[in-house]
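So this block is final19.pdb, PDB, C-alpha atoms:
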```pdb
ATOM      1  CA  MET A   1    -130.076 170.148 225.502
ATOM      2  CA  GLN A   2    -130.417 171.208 229.060
ATOM      3  CA  LYS A   3    -129.567 167.748 230.138
ATOM      4  CA  ILE A   4    -126.528 167.897 227.985
ATOM      5  CA  SER A   5    -125.522 171.363 228.954
ATOM      6  CA  PRO A   6    -124.503 170.555 232.488
ATOM      7  CA  LEU A   7    -122.478 167.726 231.144
ATOM      8  CA  ARG A   8    -120.934 169.975 228.576
ATOM      9  CA  ALA A   9    -120.359 172.582 231.205
ATOM     10  CA  SER A  10    -118.717 170.062 233.471
ATOM     11  CA  VAL A  11    -116.516 168.825 230.590
ATOM     12  CA  ALA A  12    -115.591 172.341 229.719
ATOM     13  CA  LYS A  13    -114.812 173.026 233.335
ATOM     14  CA  ALA A  14    -112.752 169.912 233.582
ATOM     15  CA  PHE A  15    -110.881 170.911 230.441
ATOM     16  CA  ASN A  16    -110.297 174.351 231.771
ATOM     17  CA  ASP A  17    -109.030 172.943 235.038
ATOM     18  CA  PHE A  18    -106.762 170.595 233.205
ATOM     19  CA  LYS A  19    -105.500 173.449 231.085
ATOM     20  CA  ALA A  20    -104.908 175.586 234.115
ATOM     21  CA  ASN A  21    -103.111 172.804 235.922
ATOM     22  CA  ARG A  22    -100.973 172.100 232.903
ATOM     23  CA  ALA A  23    -100.087 175.750 232.553
ATOM     24  CA  LYS A  24     -99.261 175.895 236.220
ATOM     25  CA  LYS A  25     -97.199 172.726 235.965
ATOM     26  CA  THR A  26     -95.319 174.064 232.955
ATOM     27  CA  GLU A  27     -94.625 177.266 234.803
ATOM     28  CA  ASN A  28     -93.340 175.310 237.751
ATOM     29  CA  ASN A  29     -91.182 173.263 235.482
ATOM     30  CA  GLU A  30     -89.783 176.379 233.892
ATOM     31  CA  ASN A  31     -88.924 177.650 237.307
ATOM     32  CA  LEU A  32     -87.234 174.422 238.282
ATOM     33  CA  HIS A  33     -84.848 174.071 235.343
ATOM     34  CA  THR A  34     -82.646 176.454 233.566
ATOM     35  CA  ASN A  35     -82.833 175.155 230.025
ATOM     36  CA  PRO A  36     -81.955 178.316 228.137
ATOM     37  CA  PHE A  37     -82.991 177.037 224.699
ATOM     38  CA  GLY A  38     -86.266 175.452 225.659
ATOM     39  CA  ILE A  39     -85.391 172.206 223.926
ATOM     40  CA  THR A  40     -88.050 169.571 224.252
ATOM     41  CA  PHE A  41     -88.087 165.866 223.870
ATOM     42  CA  ARG A  42     -91.432 164.405 222.827
ATOM     43  CA  GLY A  43     -93.146 167.452 224.075
ATOM     44  CA  VAL A  44     -91.438 167.440 227.447
ATOM     45  CA  LEU A  45     -89.060 170.257 228.161
ATOM     46  CA  LEU A  46     -85.640 168.967 228.887
ATOM     47  CA  GLN A  47     -84.077 169.822 232.143
ATOM     48  CA  SER A  48     -81.107 172.064 231.851
ATOM     49  CA  ASP A  49     -79.239 169.579 234.001
ATOM     50  CA  VAL A  50     -79.112 167.338 230.963
ATOM     51  CA  PHE A  51     -76.715 169.788 229.353
ATOM     52  CA  GLU A  52     -74.664 170.490 232.380
ATOM     53  CA  SER A  53     -71.796 168.203 233.166
ATOM     54  CA  SER A  54     -72.158 166.625 236.519
ATOM     55  CA  THR A  55     -68.385 166.946 236.849
ATOM     56  CA  ALA A  56     -68.303 170.527 235.717
ATOM     57  CA  SER A  57     -67.338 171.666 239.133
ATOM     58  CA  GLN A  58     -64.483 169.118 239.164
ATOM     59  CA  LYS A  59     -63.089 170.175 235.747
ATOM     60  CA  PRO A  60     -59.445 171.219 236.178
ATOM     61  CA  ALA A  61     -58.342 174.682 235.472
ATOM     62  CA  LEU A  62     -56.357 175.550 232.362
ATOM     63  CA  LYS A  63     -53.197 175.858 234.405
ATOM     64  CA  ASP A  64     -53.724 172.405 235.888
ATOM     65  CA  ARG A  65     -54.547 170.975 232.492
ATOM     66  CA  LEU A  66     -51.405 172.509 231.050
ATOM     67  CA  ALA A  67     -49.364 171.113 233.925
ATOM     68  CA  SER A  68     -50.959 167.731 233.408
ATOM     69  CA  GLY A  69     -50.241 167.888 229.641
ATOM     70  CA  THR A  70     -46.634 168.859 230.313
ATOM     71  CA  LYS A  71     -46.274 165.968 232.706
ATOM     72  CA  LEU A  72     -47.753 163.620 230.141
ATOM     73  CA  LEU A  73     -45.391 164.966 227.471
ATOM     74  CA  ALA A  74     -42.411 164.665 229.793
ATOM     75  CA  SER A  75     -43.426 161.134 230.680
ATOM     76  CA  ALA A  76     -43.705 160.220 227.011
ATOM     77  CA  TRP A  77     -40.324 161.842 226.305
ATOM     78  CA  VAL A  78     -38.671 159.970 229.157
ATOM     79  CA  GLY A  79     -40.258 156.774 227.902
ATOM     80  CA  THR A  80     -38.898 157.447 224.420
ATOM     81  CA  ILE A  81     -35.441 158.212 225.806
ATOM     82  CA  ASN A  82     -35.524 155.005 227.835
ATOM     83  CA  LYS A  83     -36.585 153.086 224.752
ATOM     84  CA  PHE A  84     -33.745 154.596 222.716
ATOM     85  CA  ASN A  85     -31.266 153.946 225.504
ATOM     86  CA  SER A  86     -32.415 150.364 225.658
ATOM     87  CA  MET A  87     -32.056 150.033 221.877
ATOM     88  CA  LYS A  88     -28.642 151.704 222.014
ATOM     89  CA  GLY A  89     -27.538 149.287 224.742
ATOM     90  CA  ALA A  90     -28.760 146.314 222.734
ATOM     91  CA  ALA A  91     -26.982 147.566 219.604
ATOM     92  CA  ILE A  92     -23.721 148.121 221.509
ATOM     93  CA  SER A  93     -24.023 144.696 223.096
ATOM     94  CA  PHE A  94     -24.626 143.116 219.691
ATOM     95  CA  GLY A  95     -21.649 144.978 218.214
ATOM     96  CA  ARG A  96     -19.419 143.859 221.064
ATOM     97  CA  LYS A  97     -20.580 140.279 220.634
ATOM     98  CA  ILE A  98     -19.796 140.371 216.900
ATOM     99  CA  LYS A  99     -16.400 141.937 217.597
ATOM    100  CA  GLU A 100     -15.616 139.304 220.204
ATOM    101  CA  THR A 101     -16.693 136.471 217.913
ATOM    102  CA  THR A 102     -14.596 137.852 215.050
ATOM    103  CA  LYS A 103     -11.579 138.258 217.341
ATOM    104  CA  ASN A 104     -11.951 134.706 218.633
ATOM    105  CA  THR A 105     -12.250 133.368 215.089
ATOM    106  CA  ILE A 106      -9.105 135.234 213.999
ATOM    107  CA  ASP A 107      -7.225 133.988 217.069
ATOM    108  CA  MET A 108      -8.385 130.445 216.409
ATOM    109  CA  LEU A 109      -7.266 130.674 212.772
ATOM    110  CA  ASN A 110      -3.914 132.115 213.831
ATOM    111  CA  ASN A 111      -3.384 129.329 216.313
ATOM    112  CA  THR A 112      -4.564 126.542 214.028
ATOM    113  CA  ASN A 113      -1.547 124.915 212.469
ATOM    114  CA  VAL A 114      -3.400 121.923 211.095
ATOM    115  CA  GLU A 115      -5.314 124.016 208.610
ATOM    116  CA  PHE A 116      -2.166 125.623 207.288
ATOM    117  CA  ASP A 117      -0.133 122.410 207.283
ATOM    118  CA  ILE A 118      -1.948 121.394 204.140
ATOM    119  CA  PHE A 119      -0.362 124.329 202.357
ATOM    120  CA  LYS A 120       2.844 124.650 204.339
ATOM    121  CA  TYR A 121       3.860 121.009 203.964
ATOM    122  CA  ASN A 122       2.675 120.638 200.401
ATOM    123  CA  VAL A 123       5.439 118.903 198.363
ATOM    124  CA  SER A 124       5.197 121.283 195.413
ATOM    125  CA  ARG A 125       5.471 124.242 197.745
ATOM    126  CA  LEU A 126       8.332 122.690 199.736
ATOM    127  CA  GLN A 127      10.210 121.930 196.551
ATOM    128  CA  LYS A 128      10.441 125.656 195.784
ATOM    129  CA  GLN A 129      11.977 126.458 199.161
ATOM    130  CA  PRO A 130      15.746 126.622 199.715
ATOM    131  CA  VAL A 131      17.417 123.412 200.927
ATOM    132  CA  SER A 132      18.589 125.147 204.088
ATOM    133  CA  GLU A 133      14.985 125.806 205.078
ATOM    134  CA  LEU A 134      14.020 122.221 204.307
ATOM    135  CA  GLU A 135      16.967 121.051 206.367
ATOM    136  CA  ASP A 136      15.803 123.117 209.320
ATOM    137  CA  MET A 137      12.278 121.813 208.952
ATOM    138  CA  LEU A 138      13.471 118.212 208.752
ATOM    139  CA  ARG A 139      15.732 118.690 211.774
ATOM    140  CA  LYS A 140      12.808 120.146 213.702
ATOM    141  CA  GLU A 141      10.515 117.267 212.767
ATOM    142  CA  LEU A 142      13.119 114.631 213.595
ATOM    143  CA  GLY A 143      14.063 116.430 216.767
ATOM    144  CA  ALA A 144      17.705 116.296 215.693
TER     145      ALA A 144
ATOM    146  CA  MET B 145       7.069 113.591 215.055
ATOM    147  CA  ASN B 146       4.665 113.993 212.139
ATOM    148  CA  ASN B 147       5.327 111.278 209.513
ATOM    149  CA  ARG B 148       3.308 113.047 206.837
ATOM    150  CA  ARG B 149       5.367 116.208 207.185
ATOM    151  CA  ILE B 150       8.659 114.272 207.176
ATOM    152  CA  LYS B 151       7.556 112.301 204.141
ATOM    153  CA  ASN B 152       6.672 115.497 202.283
ATOM    154  CA  ILE B 153       9.964 117.186 203.202
ATOM    155  CA  ILE B 154      11.979 114.155 202.072
ATOM    156  CA  GLU B 155       9.921 114.004 198.877
ATOM    157  CA  ALA B 156      10.591 117.693 198.271
ATOM    158  CA  LEU B 157      14.321 117.150 198.849
ATOM    159  CA  ALA B 158      14.217 114.222 196.398
ATOM    160  CA  ARG B 159      12.731 116.492 193.731
ATOM    161  CA  HIS B 160      15.021 119.414 194.543
ATOM    162  CA  ASN B 161      17.642 120.289 191.939
ATOM    163  CA  ASP B 162      20.093 121.645 194.489
ATOM    164  CA  GLU B 163      22.949 119.213 195.190
ATOM    165  CA  GLU B 164      22.806 120.254 198.805
ATOM    166  CA  SER B 165      19.589 118.251 199.125
ATOM    167  CA  ILE B 166      21.705 115.052 198.813
ATOM    168  CA  ARG B 167      23.876 116.150 201.711
ATOM    169  CA  VAL B 168      20.793 116.867 203.842
ATOM    170  CA  LEU B 169      19.236 113.503 202.986
ATOM    171  CA  ASP B 170      22.517 111.705 203.696
ATOM    172  CA  GLU B 171      23.220 113.546 206.913
ATOM    173  CA  LEU B 172      19.735 113.549 208.436
ATOM    174  CA  GLY B 173      17.898 110.747 206.653
ATOM    175  CA  THR B 174      20.305 107.828 206.270
ATOM    176  CA  ASN B 175      21.705 108.331 209.763
ATOM    177  CA  CYS B 176      18.259 108.412 211.384
ATOM    178  CA  PRO B 177      17.660 105.617 213.916
ATOM    179  CA  ILE B 178      14.098 105.155 212.647
ATOM    180  CA  ASP B 179      13.880 102.494 209.919
ATOM    181  CA  GLU B 180      10.944 104.182 208.209
ATOM    182  CA  ILE B 181      12.878 107.424 207.775
ATOM    183  CA  ARG B 182      15.952 105.602 206.432
ATOM    184  CA  GLU B 183      13.705 103.722 204.035
ATOM    185  CA  MET B 184      12.118 106.924 202.738
ATOM    186  CA  THR B 185      15.532 108.575 202.446
ATOM    187  CA  SER B 186      17.037 105.673 200.467
ATOM    188  CA  LYS B 187      14.127 105.796 198.046
ATOM    189  CA  ALA B 188      14.509 109.561 197.689
ATOM    190  CA  LEU B 189      18.231 109.321 196.996
ATOM    191  CA  ILE B 190      17.784 106.573 194.382
ATOM    192  CA  LYS B 191      14.973 108.540 192.705
ATOM    193  CA  LYS B 192      17.384 111.427 192.212
ATOM    194  CA  ASN B 193      19.508 109.034 190.105
ATOM    195  CA  THR B 194      22.663 111.118 190.263
ATOM    196  CA  HIS B 195      26.203 109.864 190.852
ATOM    197  CA  ARG B 196      26.467 111.360 194.296
ATOM    198  CA  SER B 197      23.030 110.208 195.487
ATOM    199  CA  LEU B 198      23.456 106.640 194.174
ATOM    200  CA  GLU B 199      26.942 106.453 195.655
ATOM    201  CA  THR B 200      25.486 107.238 199.074
ATOM    202  CA  VAL B 201      23.126 104.248 199.036
ATOM    203  CA  ILE B 202      25.443 101.769 197.235
ATOM    204  CA  VAL B 203      28.943 102.374 198.568
ATOM    205  CA  ASN B 204      28.385 103.296 202.226
ATOM    206  CA  LYS B 205      28.227 100.526 204.754
ATOM    207  CA  GLY B 206      25.025 100.584 206.825
ATOM    208  CA  LYS B 207      23.180 102.766 204.286
ATOM    209  CA  GLY B 208      20.844 101.964 201.404
ATOM    210  CA  ILE B 209      21.408  98.457 200.062
ATOM    211  CA  ASN B 210      23.894  97.793 202.905
ATOM    212  CA  ASP B 211      21.495  98.827 205.667
ATOM    213  CA  LEU B 212      21.279  96.520 208.667
ATOM    214  CA  SER B 213      17.513  96.527 208.380
ATOM    215  CA  ALA B 214      16.451  94.026 205.731
ATOM    216  CA  ARG B 215      13.349  96.072 205.038
ATOM    217  CA  VAL B 216      15.357  99.213 204.281
ATOM    218  CA  ALA B 217      17.888  97.284 202.166
ATOM    219  CA  MET B 218      15.160  95.533 200.184
ATOM    220  CA  THR B 219      13.331  98.791 199.547
ATOM    221  CA  ALA B 220      16.549 100.330 198.231
ATOM    222  CA  ILE B 221      17.203  97.335 195.983
ATOM    223  CA  ASN B 222      13.631  97.423 194.654
ATOM    224  CA  GLU B 223      13.975 101.120 193.937
ATOM    225  CA  LEU B 224      17.229 100.488 192.036
ATOM    226  CA  LEU B 225      15.537  97.774 190.013
ATOM    227  CA  ALA B 226      12.654 100.146 189.215
ATOM    228  CA  LEU B 227      14.957 102.806 187.737
ATOM    229  CA  LYS B 228      14.353 103.496 184.071
ATOM    230  CA  ASP B 229      17.911 104.634 183.510
ATOM    231  CA  LYS B 230      20.161 102.156 185.318
ATOM    232  CA  GLU B 231      23.434 103.178 183.654
ATOM    233  CA  GLU B 232      24.799 105.281 186.494
ATOM    234  CA  ALA B 233      23.714 102.739 189.111
ATOM    235  CA  ILE B 234      25.462  99.859 187.271
ATOM    236  CA  LYS B 235      28.617 101.933 186.875
ATOM    237  CA  ILE B 236      28.751 102.619 190.604
ATOM    238  CA  LEU B 237      27.994  98.974 191.387
ATOM    239  CA  ASP B 238      30.892  97.940 189.134
ATOM    240  CA  ASP B 239      33.251 100.365 190.844
ATOM    241  CA  THR B 240      32.115  99.094 194.246
ATOM    242  CA  ILE B 241      32.620  95.454 193.266
ATOM    243  CA  ASN B 242      36.098  96.212 191.957
ATOM    244  CA  MET B 243      37.423  98.802 194.349
ATOM    245  CA  HIS B 244      35.601  98.754 197.711
ATOM    246  CA  SER B 245      37.639  97.736 200.732
ATOM    247  CA  GLU B 246      34.780  95.898 202.507
ATOM    248  CA  LYS B 247      33.999  92.424 201.231
ATOM    249  CA  ASP B 248      30.373  92.556 202.515
ATOM    250  CA  VAL B 249      29.740  95.710 200.549
ATOM    251  CA  GLN B 250      31.331  94.161 197.446
ATOM    252  CA  ASP B 251      29.124  91.055 197.781
ATOM    253  CA  THR B 252      25.969  93.075 198.195
ATOM    254  CA  ALA B 253      26.849  95.197 195.182
ATOM    255  CA  ARG B 254      27.503  92.066 193.167
ATOM    256  CA  SER B 255      24.117  90.579 194.111
ATOM    257  CA  VAL B 256      22.277  93.771 193.270
ATOM    258  CA  LYS B 257      24.106  94.083 189.971
ATOM    259  CA  ALA B 258      23.086  90.512 189.103
ATOM    260  CA  LEU B 259      19.450  91.304 189.921
ATOM    261  CA  MET B 260      19.592  94.447 187.823
ATOM    262  CA  SER B 261      21.034  92.514 184.912
ATOM    263  CA  PHE B 262      18.135  90.071 185.092
ATOM    264  CA  SER B 263      15.503  92.766 185.403
ATOM    265  CA  SER B 264      16.712  94.995 182.565
TER     266      SER B 264
END
```
Spit out the file's structure as structure tokens when you get a sec.
Amino acid sequence: MQKISPLRASVAKAFNDFKANRAKKTENNENLHTNPFGITFRGVLLQSDVFESSTASQKPALKDRLASGTKLLASAWVGTINKFNSMKGAAISFGRKIKETTKNTIDMLNNTNVEFDIFKYNVSRLQKQPVSELEDMLRKELGA
Amino acid sequence: MNNRRIKNIIEALARHNDEESIRVLDELGTNCPIDEIREMTSKALIKKNTHRSLETVIVNKGKGINDLSARVAMTAINELLALKDKEEAIKILDDTINMHSEKDVQDTARSVKALMSFSS
């Protein structure tokens, strides 16, 4: 037993030293970080830095954030207005194009005699017209 | 000059009931220098088959059956031969043979009358 006792005593001493060192280390750790909740991960106390944003100091103030939000909103509004203006311009352009096409078609129909000749110089239709009109038409055609 | 239009106008005048249409055809059609127009006009006047219209193409020298163009004259004669009712045409031909001052016109009328007699 006596032979064992020194061994036991040395083990106990080593344990006590380890315990003391650990306690000291823990205390040091507690002094180093500022984790207010003492949250641990796998038995290791998390550093308070984990919870603190590294950009916390760069976080803009409420006023700046509001200004930034306003700018963003204004930008979006301007973008929307531009989009609507663009759409409005396209719609007006399309309307003008349609109007122009319709006008050209009407002009073309008004100036196209060939299409109306079929009806104008139809015998049945001519027959119902007064002779004086037919005479004028015949004179015109003959160049008399 | 659009032939289709002229043809349609002459055709319309041929079908017209107004007597004035004969005057227009006589004045503008039979005096036209273009053979084709005179030909169409002669046919139109004969189709009307009235005393005044037939007289225009039978009695007048240089018109209808007396036209200087053989084509126009032959067309007029053919049209006379194609008439269903030839009574008025024969009557005018008889009057022309008996009373017309021009011998050429009388001879032509006589020839046409002979043809009509054969064809009827």
Please write as number ranges by chain the full residue list that the PyMOL selection byres ((chain B) within 12 of (chain A)) yields on this file. B: 145-173, 175-178, 180-182, 185
I'd like the box whose edges run along x, y and z of the file and which contains every listed atom of region 190-207 of chain B, padded by 4 Å per side; could you state its centre and edge lengths in Å, one decimal, as AutoDock Vina command-line options?
```
--center_x 22.0 --center_y 106.0 --center_z 198.5 --size_x 22.0 --size_y 18.9 --size_z 24.7
```
Explicit residues for the PyMOL selection byres ((chain B and resi 200-211) around 9) (as JSON, numbers by chain): {"B": [166, 170, 174, 175, 182, 183, 185, 186, 187, 189, 190, 195, 196, 197, 198, 199, 212, 213, 214, 215, 216, 217, 218, 219, 220, 221, 233, 236, 237, 240, 244, 246, 248, 249, 250, 252, 253, 256]}
Find, counting all atoms listed in the file, the residue in B:Thr194, B:Lys247, B:Leu225, B:Asp179 that gets nearest to Phe262 (chain B).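 Among the listed residues, B:Leu225 lies closest to Phe262 (chain B).
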Computed interatomic separation between CA of Asn193 (chain B) and CA of Leu224 (chain B) (Å):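 Computed distance, CA of Asn193 (chain B) to CA of Leu224 (chain B), equals 9.1 Å.
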Work out how far CA of Ser75 (chain A) is from CA of Met87 (chain A), in Å to one decimal. 18.2 Å
Can you measure CA of Phe119 (chain A) to CA of Glu133 (chain A) for me? One decimal in Å is fine.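 Answer for the CA of Phe119 (chain A) to CA of Glu133 (chain A) separation: 15.7 Å.
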List the residues matched by the PyMOL selection byres ((chain B and resi 228) around 12) in the displayed structure as a VMD selection string, ordered by chain and then by residue number. chain B and resid 190 to 193 223 to 227 229 to 233 260 263 to 264
Could you add whatever atoms are missing so that region 90-101 of chain A carries all heavy atoms, then write the result as a CSV table (one decimal), keeping the file's coordinate frame?
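Heads up, here's the output in result13.csv:
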```csv
chain,number,residue,atom,x,y,z
A,90,ALA,N,-28.7,147.6,223.5
A,90,ALA,CA,-28.8,146.3,222.7
A,90,ALA,C,-27.8,146.3,221.5
A,90,ALA,O,-27.2,145.3,221.2
A,90,ALA,CB,-30.2,146.1,222.3
A,91,ALA,N,-27.8,147.5,220.8
A,91,ALA,CA,-27.0,147.6,219.6
A,91,ALA,C,-25.5,147.5,220.0
A,91,ALA,O,-24.7,146.8,219.3
A,91,ALA,CB,-27.3,148.9,218.9
A,92,ILE,N,-25.1,148.2,221.1
A,92,ILE,CA,-23.7,148.1,221.5
A,92,ILE,C,-23.3,146.7,221.9
A,92,ILE,O,-22.3,146.2,221.6
A,92,ILE,CB,-23.5,149.1,222.7
A,92,ILE,CG1,-23.6,150.6,222.1
A,92,ILE,CG2,-22.1,148.9,223.3
A,92,ILE,CD1,-23.7,151.6,223.2
A,93,SER,N,-24.3,146.1,222.7
A,93,SER,CA,-24.0,144.7,223.1
A,93,SER,C,-23.8,143.8,221.9
A,93,SER,O,-22.9,142.9,221.9
A,93,SER,CB,-25.2,144.3,224.0
A,93,SER,OG,-25.1,142.9,224.2
A,94,PHE,N,-24.7,143.9,220.9
A,94,PHE,CA,-24.6,143.1,219.7
A,94,PHE,C,-23.3,143.3,219.0
A,94,PHE,O,-22.6,142.4,218.6
A,94,PHE,CB,-25.8,143.5,218.8
A,94,PHE,CG,-25.8,142.7,217.5
A,94,PHE,CD1,-26.2,141.4,217.5
A,94,PHE,CD2,-25.5,143.3,216.3
A,94,PHE,CE1,-26.2,140.6,216.3
A,94,PHE,CE2,-25.5,142.6,215.1
A,94,PHE,CZ,-25.9,141.3,215.1
A,95,GLY,N,-22.9,144.6,218.9
A,95,GLY,CA,-21.6,145.0,218.2
A,95,GLY,C,-20.5,144.4,218.9
A,95,GLY,O,-19.6,143.8,218.3
A,96,ARG,N,-20.5,144.4,220.3
A,96,ARG,CA,-19.4,143.9,221.1
A,96,ARG,C,-19.3,142.3,220.9
A,96,ARG,O,-18.3,141.8,220.8
A,96,ARG,CB,-19.6,144.2,222.5
A,96,ARG,CG,-19.1,145.6,222.9
A,96,ARG,CD,-19.3,145.8,224.4
A,96,ARG,NE,-19.0,147.2,224.7
A,96,ARG,CZ,-19.5,147.9,225.7
A,96,ARG,NH1,-20.3,147.2,226.6
A,96,ARG,NH2,-19.1,149.1,226.0
A,97,LYS,N,-20.5,141.7,220.8
A,97,LYS,CA,-20.6,140.3,220.6
A,97,LYS,C,-20.0,139.9,219.3
A,97,LYS,O,-19.2,138.9,219.2
A,97,LYS,CB,-22.0,139.8,220.7
A,97,LYS,CG,-22.2,138.3,220.9
A,97,LYS,CD,-23.7,138.0,221.0
A,97,LYS,CE,-23.8,136.5,221.1
A,97,LYS,NZ,-25.2,136.1,221.0
A,98,ILE,N,-20.3,140.6,218.3
A,98,ILE,CA,-19.8,140.4,216.9
A,98,ILE,C,-18.3,140.5,216.9
A,98,ILE,O,-17.5,139.7,216.4
A,98,ILE,CB,-20.4,141.3,215.9
A,98,ILE,CG1,-21.9,141.0,215.7
A,98,ILE,CG2,-19.7,141.3,214.5
A,98,ILE,CD1,-22.2,139.7,215.0
A,99,LYS,N,-17.8,141.6,217.5
A,99,LYS,CA,-16.4,141.9,217.6
A,99,LYS,C,-15.6,140.8,218.3
A,99,LYS,O,-14.6,140.3,217.8
A,99,LYS,CB,-16.2,143.3,218.4
A,99,LYS,CG,-14.8,143.8,218.3
A,99,LYS,CD,-14.7,145.0,219.2
A,99,LYS,CE,-13.3,145.3,219.5
A,99,LYS,NZ,-13.2,146.4,220.5
A,100,GLU,N,-16.2,140.4,219.4
A,100,GLU,CA,-15.6,139.3,220.2
A,100,GLU,C,-15.5,138.0,219.4
A,100,GLU,O,-14.5,137.3,219.4
A,100,GLU,CB,-16.5,139.1,221.5
A,100,GLU,CG,-15.8,138.3,222.6
A,100,GLU,CD,-14.6,139.0,223.2
A,100,GLU,OE1,-14.6,140.3,223.1
A,100,GLU,OE2,-13.7,138.4,223.7
A,101,THR,N,-16.6,137.7,218.7
A,101,THR,CA,-16.7,136.5,217.9
A,101,THR,C,-15.6,136.5,216.8
A,101,THR,O,-14.9,135.5,216.6
A,101,THR,CB,-18.1,136.3,217.3
A,101,THR,OG1,-19.1,136.4,218.3
A,101,THR,CG2,-18.2,135.0,216.6
```
